[in-house]
$ cat target_23.txt   # compact mmCIF, C-alpha atoms and all ligand atoms
# COMPACT_ATOMS: atom_id res chain seq x y z
CA MET A 1 210.67 77.64 149.90
CA ILE A 2 213.14 75.46 148.02
CA ILE A 3 216.82 76.20 147.41
CA VAL A 4 217.88 74.81 144.05
CA LYS A 5 221.64 74.52 143.73
CA LEU A 6 222.84 74.18 140.14
CA GLY A 7 226.26 72.58 140.44
CA GLY A 8 229.16 74.04 138.51
CA ALA A 9 229.67 70.57 137.03
CA ALA A 10 226.12 70.59 135.65
CA ILE A 11 226.12 74.06 134.11
CA THR A 12 229.72 74.35 132.88
CA ASP A 13 232.40 72.05 131.56
CA LYS A 14 234.67 72.10 134.59
CA THR A 15 237.68 70.95 132.59
CA ARG A 16 237.58 73.79 130.06
CA LEU A 17 237.81 77.50 130.86
CA SER A 18 234.50 79.35 130.51
CA VAL A 19 232.54 76.66 128.69
CA ILE A 20 228.86 76.92 129.55
CA LYS A 21 226.37 74.06 129.04
CA ARG A 22 223.62 76.16 127.44
CA ARG A 23 221.40 73.26 126.45
CA ALA A 24 221.53 71.71 129.92
CA ILE A 25 220.67 75.06 131.52
CA ALA A 26 217.75 75.56 129.13
CA SER A 27 216.35 72.12 130.08
CA ILE A 28 216.68 72.99 133.77
CA ALA A 29 215.02 76.36 133.14
CA ARG A 30 212.04 74.74 131.41
CA VAL A 31 211.43 72.68 134.56
CA LEU A 32 211.95 75.56 136.99
CA ALA A 33 209.67 77.86 134.99
CA LYS A 34 206.69 75.76 136.13
CA HIS A 35 207.46 76.36 139.80
CA ARG A 36 207.50 79.21 142.25
CA ASP A 37 208.93 80.10 145.66
CA TYR A 38 212.51 79.04 145.12
CA ILE A 39 215.99 80.58 145.04
CA ILE A 40 218.62 79.52 142.53
CA VAL A 41 222.16 79.10 143.82
CA HIS A 42 224.84 78.02 141.41
CA GLY A 43 228.44 76.94 141.28
CA ALA A 44 231.08 78.84 139.35
CA GLY A 45 232.41 75.79 137.55
CA SER A 46 235.25 76.49 135.15
CA PHE A 47 234.43 80.23 135.18
CA GLY A 48 235.70 80.39 138.77
CA HIS A 49 237.85 77.43 139.73
CA ILE A 50 240.29 77.70 136.82
CA PRO A 51 241.21 81.41 137.30
CA VAL A 52 241.19 81.00 141.12
CA LYS A 53 243.84 78.31 140.74
CA LYS A 54 245.80 80.21 138.08
CA TYR A 55 246.07 83.38 140.20
CA ASN A 56 246.50 81.59 143.52
CA LEU A 57 243.41 83.09 145.10
CA THR A 58 242.96 80.39 147.74
CA GLY A 59 245.71 81.72 150.00
CA PRO A 60 246.03 85.21 151.51
CA ILE A 61 245.83 87.95 148.88
CA LYS A 62 249.17 89.79 149.03
CA SER A 63 250.47 90.52 145.53
CA LYS A 64 249.47 92.77 142.66
CA ARG A 65 249.25 89.64 140.47
CA GLN A 66 246.62 88.21 142.81
CA LEU A 67 244.66 91.47 142.77
CA ILE A 68 244.62 91.46 138.97
CA GLY A 69 243.68 87.77 139.13
CA TYR A 70 240.85 88.67 141.50
CA SER A 71 239.56 91.19 138.97
CA LYS A 72 239.88 88.74 136.06
CA THR A 73 238.05 86.07 138.05
CA LYS A 74 235.23 88.52 138.81
CA ALA A 75 234.96 89.35 135.09
CA SER A 76 234.75 85.63 134.33
CA LEU A 77 232.05 85.08 136.99
CA LEU A 78 230.06 87.98 135.56
CA LYS A 79 230.17 86.37 132.10
CA LEU A 80 228.65 83.20 133.55
CA GLU A 81 226.00 85.23 135.37
CA ILE A 82 224.99 87.09 132.18
CA GLU A 83 224.66 83.81 130.25
CA LEU A 84 222.75 82.09 133.02
CA VAL A 85 220.29 84.90 133.70
CA SER A 86 219.75 85.37 129.95
CA ILE A 87 218.82 81.70 129.49
CA LEU A 88 216.58 81.74 132.57
CA SER A 89 214.72 84.88 131.48
CA LYS A 90 214.35 83.53 127.92
CA ASN A 91 212.52 80.62 129.55
CA GLN A 92 210.14 82.90 131.46
CA ILE A 93 211.95 82.82 134.80
CA PRO A 94 212.20 86.32 136.31
CA ALA A 95 215.76 85.69 137.49
CA ALA A 96 217.53 88.40 139.44
CA PRO A 97 221.33 88.13 139.71
CA VAL A 98 222.77 88.72 143.18
CA ALA A 99 226.53 88.88 143.81
CA ALA A 100 227.25 86.91 146.97
CA SER A 101 230.15 89.30 147.68
CA THR A 102 227.64 92.10 148.27
CA CYS A 103 225.73 90.22 150.98
CA LEU A 104 228.43 88.14 152.68
CA MET A 105 231.71 88.48 154.60
CA ALA A 106 233.96 85.50 155.26
CA ASP A 107 236.79 84.46 157.54
CA HIS A 108 239.11 81.81 156.08
CA GLY A 109 236.43 81.02 153.51
CA ARG A 110 233.64 80.56 156.07
CA ILE A 111 230.68 82.93 156.05
CA VAL A 112 230.79 85.06 159.21
CA SER A 113 228.17 87.68 158.38
CA GLN A 114 225.35 87.90 155.89
CA ASN A 115 222.57 90.26 154.93
CA PHE A 116 219.86 88.82 152.71
CA GLU A 117 217.54 91.85 152.84
CA THR A 118 217.91 92.37 149.08
CA VAL A 119 217.14 88.70 148.41
CA ALA A 120 214.03 88.88 150.62
CA SER A 121 212.84 92.00 148.81
CA MET A 122 213.34 90.34 145.41
CA LEU A 123 211.31 87.31 146.50
CA LYS A 124 208.52 89.57 147.71
CA LEU A 125 208.41 91.22 144.30
CA GLY A 126 208.08 87.84 142.57
CA LEU A 127 211.66 87.66 141.27
CA VAL A 128 213.79 84.52 141.47
CA PRO A 129 217.12 85.44 143.09
CA CYS A 130 220.09 83.79 141.40
CA ILE A 131 223.28 83.70 143.50
CA GLY A 132 226.59 82.13 142.53
CA GLY A 133 229.62 80.90 144.41
CA ASP A 134 231.93 83.90 144.60
CA LEU A 135 235.13 85.54 145.72
CA VAL A 136 234.07 87.47 148.81
CA GLN A 137 235.84 89.81 151.20
CA ASP A 138 237.58 87.82 153.93
CA ILE A 139 238.62 89.18 157.34
CA SER A 140 241.80 87.08 157.49
CA LEU A 141 242.71 86.37 153.86
CA GLY A 142 241.64 89.60 152.17
CA ALA A 143 239.35 87.70 149.83
CA SER A 144 238.38 84.04 149.58
CA VAL A 145 236.21 81.61 147.66
CA VAL A 146 232.79 80.92 149.17
CA SER A 147 231.17 77.99 147.42
CA GLY A 148 227.63 77.85 146.12
CA ASP A 149 227.14 74.86 148.42
CA GLN A 150 227.92 76.92 151.53
CA ILE A 151 225.70 79.75 150.30
CA ALA A 152 222.86 77.31 149.58
CA ALA A 153 222.95 75.93 153.13
CA ASN A 154 223.06 79.41 154.70
CA LEU A 155 220.20 80.69 152.53
CA ALA A 156 218.12 77.61 153.31
CA ILE A 157 218.51 78.18 157.04
CA ALA A 158 217.93 81.96 156.76
CA PHE A 159 214.76 81.56 154.66
CA HIS A 160 213.45 78.47 156.50
CA ALA A 161 213.48 76.45 153.28
CA HIS A 162 211.91 73.01 153.58
CA THR A 163 214.19 71.47 150.94
CA ILE A 164 217.56 71.96 149.26
CA ILE A 165 218.08 70.26 145.92
CA PHE A 166 221.77 69.87 145.09
CA GLY A 167 222.00 69.24 141.37
CA THR A 168 225.26 67.98 139.91
CA ASP A 169 226.59 65.85 137.03
CA VAL A 170 226.41 62.45 138.76
CA ASP A 171 223.36 60.62 140.17
CA GLY A 172 224.18 61.43 143.81
CA LEU A 173 226.70 60.25 146.36
CA PHE A 174 228.42 56.99 145.40
CA THR A 175 230.59 54.58 147.38
CA VAL A 176 233.54 55.90 145.33
CA ASN A 177 233.89 58.59 142.67
CA PRO A 178 231.76 57.15 139.81
CA LYS A 179 233.86 58.98 137.24
CA LEU A 180 236.95 57.08 138.33
CA ASN A 181 235.49 53.70 139.29
CA HIS A 182 232.75 51.92 137.34
CA LYS A 183 231.99 49.71 140.35
CA ALA A 184 230.74 52.75 142.29
CA LYS A 185 227.32 52.18 143.90
CA LEU A 186 224.75 54.92 144.45
CA ILE A 187 223.92 55.57 148.11
CA SER A 188 220.21 56.34 147.96
CA THR A 189 219.63 57.39 151.58
CA LEU A 190 221.92 58.67 154.25
CA ASP A 191 221.15 59.59 157.85
CA LEU A 192 223.02 62.21 159.85
CA ALA A 193 225.64 59.76 161.12
CA GLY A 194 226.19 58.49 157.58
CA LEU A 195 226.50 62.03 156.28
CA LYS A 196 229.19 62.82 158.85
CA LYS A 197 231.09 59.67 157.88
CA TRP A 198 230.90 60.39 154.16
CA ALA A 199 231.84 64.04 154.62
CA GLU A 200 235.26 62.69 155.63
CA LYS A 201 235.40 59.88 153.08
CA ALA A 202 233.96 61.15 149.79
CA GLY A 203 236.40 62.26 147.14
CA PRO A 204 237.21 65.64 145.67
CA ALA A 205 236.17 66.50 142.11
CA ASN A 206 238.65 65.08 139.60
CA VAL A 207 238.78 68.51 137.91
CA PRO A 208 239.97 71.93 139.16
CA ASP A 209 237.73 72.76 142.12
CA ALA A 210 238.51 75.17 144.91
CA SER A 211 235.64 74.04 147.08
CA GLY A 212 236.24 70.35 147.68
CA GLY A 213 234.02 68.48 145.19
CA MET A 214 231.59 65.95 146.69
CA ARG A 215 233.41 65.99 150.05
CA GLY A 216 233.03 69.77 150.29
CA LYS A 217 229.36 69.47 149.40
CA LEU A 218 228.60 66.95 152.16
CA THR A 219 230.40 69.11 154.72
CA GLU A 220 228.30 72.13 153.74
CA ILE A 221 225.07 70.09 153.85
CA LEU A 222 225.53 69.15 157.54
CA PRO A 223 224.24 72.37 159.20
CA ALA A 224 221.17 72.41 156.94
CA VAL A 225 220.30 68.80 157.77
CA MET A 226 220.79 69.51 161.47
CA ALA A 227 218.33 72.39 161.06
CA GLY A 228 215.73 69.86 159.84
CA ILE A 229 215.92 70.78 156.14
CA LYS A 230 215.35 67.99 153.60
CA VAL A 231 218.31 67.55 151.27
CA VAL A 232 218.56 65.61 148.03
CA ILE A 233 221.50 65.28 145.65
CA ILE A 234 220.41 64.60 142.07
CA ASN A 235 221.76 64.50 138.54
CA LEU A 236 220.71 67.59 136.60
CA ASN A 237 221.39 65.85 133.31
CA ALA A 238 218.00 64.21 133.90
CA PRO A 239 215.54 67.15 134.10
CA SER A 240 212.64 64.81 135.00
CA ARG A 241 214.39 64.13 138.31
CA LEU A 242 214.53 67.87 139.01
CA GLU A 243 210.82 68.08 138.20
CA ALA A 244 210.04 65.27 140.67
CA ALA A 245 212.31 66.71 143.35
CA MET A 246 210.65 70.14 143.00
CA ASP A 247 207.30 68.40 143.56
CA GLY A 248 208.65 66.65 146.68
CA LYS A 249 208.41 63.22 145.02
CA THR A 250 210.84 60.38 145.55
CA VAL A 251 213.55 60.57 142.96
CA LYS A 252 216.70 58.72 141.95
CA GLY A 253 219.54 60.36 143.85
CA THR A 254 220.83 60.59 147.40
CA LYS A 255 218.30 61.65 150.00
CA ILE A 256 219.67 62.88 153.29
CA LEU A 257 217.42 62.26 156.25
CA ASP A 258 217.44 64.48 159.29
CA GLN A 259 217.23 62.72 162.65
CA PHE A 260 213.42 63.05 162.76
CA SER A 261 212.59 61.71 159.30
CA ALA A 262 215.36 59.08 159.66
CA GLY A 263 213.39 57.62 162.59
CA SER A 264 210.05 57.61 160.75
CA GLU A 265 211.57 56.15 157.53
CA ARG A 266 213.10 53.37 159.59
CA SER A 267 209.83 52.59 161.38
CA ALA A 268 207.96 52.75 158.03
CA GLN A 269 210.29 50.07 156.69
CA HIS A 270 209.47 47.67 159.58
P1 LIG B 301 229.20 70.61 141.44
O1 LIG B 301 230.25 71.47 140.78
O2 LIG B 301 228.16 70.14 140.47
O3 LIG B 301 228.65 71.19 142.68
P2 LIG B 301 231.37 68.94 142.29
O4 LIG B 301 232.25 68.90 141.07
O5 LIG B 301 231.77 69.85 143.38
O6 LIG B 301 229.88 69.25 141.87
O7 LIG B 301 231.15 67.47 142.88
C1 LIG B 301 230.66 66.48 142.03
C2 LIG B 301 231.81 65.61 141.58
O8 LIG B 301 232.36 64.95 142.74
C3 LIG B 301 231.41 64.51 140.64
O9 LIG B 301 231.48 64.94 139.30
C4 LIG B 301 232.43 63.40 140.95
O10 LIG B 301 233.44 63.36 139.97
C5 LIG B 301 233.07 63.83 142.27
N1 LIG B 301 233.03 62.80 143.32
C6 LIG B 301 234.07 62.43 144.11
N2 LIG B 301 233.73 61.47 144.96
C7 LIG B 301 232.42 61.19 144.73
C8 LIG B 301 231.48 60.26 145.31
N3 LIG B 301 231.84 59.43 146.30
N4 LIG B 301 230.21 60.25 144.82
C9 LIG B 301 229.84 61.10 143.82
N5 LIG B 301 230.69 61.98 143.23
C10 LIG B 301 231.96 62.04 143.68

$ encode --input "target_23.txt" --output "structure tokens"
Amino acid sequence: MIIVKLGGAAITDKTRLSVIKRRAIASIARVLAKHRDYIIVHGAGSFGHIPVKKYNLTGPIKSKRQLIGYSKTKASLLKLEIELVSILSKNQIPAAPVAASTCLMADHGRIVSQNFETVASMLKLGLVPCIGGDLVQDISLGASVVSGDQIAANLAIAFHAHTIIFGTDVDGLFTVNPKLNHKAKLISTLDLAGLKKWAEKAGPANVPDASGGMRGKLTEILPAVMAGIKVVIINLNAPSRLEAAMDGKTVKGTKILDQFSAGSERSAQH
């Protein structure tokens, strides 16, 4: 089982409200159509982060304006889901949309309970579940944003996935945000200690993002890596890299080594 996370930055234009990258999604779909036994998780991109910011949905939900904003954000997320599932099915992927808010509860934005029975049943039938970052019910805040990254890690652990592929719009983790500094260098491998360090150091996205950009992603990756799951961060603008990653081949990107493989990679280098 592989969890494929399609980053909001890769499937939408994060700077413009509700702009979907149809061609990029179609290229991704053509690769995924050749594979089986995977779950698609995706970010909300501009369909989520922009209205979440506009209606102040990151704090406790208290006002009528926020409730209307909640509803408008949900409508926007549904639009993205329709587009995404339509492109996937057009490319022969039996994608099944799943609203994260129907299988998760959060507390201050952290998942505290989950029920993936529906997802398991879909997989058994041969469908490809497709789950996006979402506004979910929250014990303390009323509702809160749960990122696709957090959902990807939880699903990977729940379904004993061997790999999570985090696809985004840059080649992986860099020494600094590559969109702001052309001297940024790609970090091709990272062990657990390095991951912890970078989870504190990496920058946010330089666009509206309620879930912390690259820093948020690294933080969410930690529990999956500690569970022994292989994690790679790749650029989805290069579909051949997705193809290689799906086949378990070495690929340009950032590979995160769990403590066991970190040891064997080190001894293999000596
Ligand atoms: P996605 O929406 O695809 O999940 P994010 O927007 O959350 O991805 O995170 C990717 C973005 O993080 C990149 O587009 C980049 O601008 C930003 N970023 C900040 N710091 C770094 C870094 N050190 N390395 C790579 N990307 C970074």

$ residues_near_ligand --input "target_23.txt" --ligand "ligand LIG 301 (chain B)" --cutoff "9 Å" --atoms "all atoms listed in the file" --output "ChimeraX atom specification"
/A:5-12,14,42-45,147-149,166-180,184-187,198,201-217,235-236

$ atom_distance --input "target_23.txt" --atom1 "atom CA of Thr189 of chain A" --atom2 "atom CA of Ile151 of chain A"
23.2 Å

$ closest_atom_pairs --input "target_23.txt" --of "segment 171-244 of chain A" --to "segment 248-251 of chain A" --cutoff "10 Å" --atoms "only C-alpha atoms" --output "Markdown table"
| residue | atom | partner | partner_atom | distance |
| --- | --- | --- | --- | --- |
| A:Ser188 | CA | A:Val251 | CA | 9.3 |
| A:Lys230 | CA | A:Gly248 | CA | 9.7 |
| A:Val232 | CA | A:Val251 | CA | 8.7 |
| A:Ile233 | CA | A:Val251 | CA | 9.6 |
| A:Ile234 | CA | A:Val251 | CA | 8.0 |
| A:Ser240 | CA | A:Val251 | CA | 9.1 |
| A:Arg241 | CA | A:Val251 | CA | 5.9 |
| A:Leu242 | CA | A:Val251 | CA | 8.4 |
| A:Glu243 | CA | A:Lys249 | CA | 8.7 |
| A:Ala244 | CA | A:Lys249 | CA | 5.1 |

$ closest_atom_pairs --input "target_23.txt" --of "segment 135-166 of chain A" --to "segment 93-106 of chain A" --cutoff "10 Å" --atoms "all atoms listed in the file" --output "tab-separated table"
residue	atom	partner	partner_atom	distance
A:Leu135	CA	A:Ser101	CA	6.5
A:Val136	CA	A:Ser101	CA	4.5
A:Gln137	CA	A:Met105	CA	5.5
A:Asp138	CA	A:Ala106	CA	4.5
A:Ile139	CA	A:Ala106	CA	6.3
A:Ser140	CA	A:Ala106	CA	8.3
A:Leu141	CA	A:Ala106	CA	8.9
A:Gly142	CA	A:Ala106	CA	9.2
A:Ala143	CA	A:Ala106	CA	8.0
A:Ser144	CA	A:Ala106	CA	7.3
A:Val145	CA	A:Ala106	CA	8.8
A:Val146	CA	A:Ala106	CA	7.7
A:Ser147	CA	A:Ala100	CA	9.8
A:Gly148	CA	A:Ala100	CA	9.1
A:Ile151	CA	A:Ala100	CA	8.0

$ residues_near_point --input "target_23.txt" --point "(225.0, 82.8, 142.0)" --cutoff "6 Å" --atoms "only C-alpha atoms" --output "ChimeraX atom specification"
/A:41-42,130-133

$ closest_residue --input "target_23.txt" --among "A:Lys72, A:Arg65, A:Lys90, A:His162" --to "Arg22 of chain A" --atoms "all atoms listed in the file"
A:Lys90

$ atom_distance --input "target_23.txt" --atom1 "atom CA of Ala238 of chain A" --atom2 "atom CA of Gln92 of chain A"
20.4 Å

$ atom_distance --input "target_23.txt" --atom1 "atom CA of Leu257 of chain A" --atom2 "atom CA of Asp134 of chain A"
28.5 Å
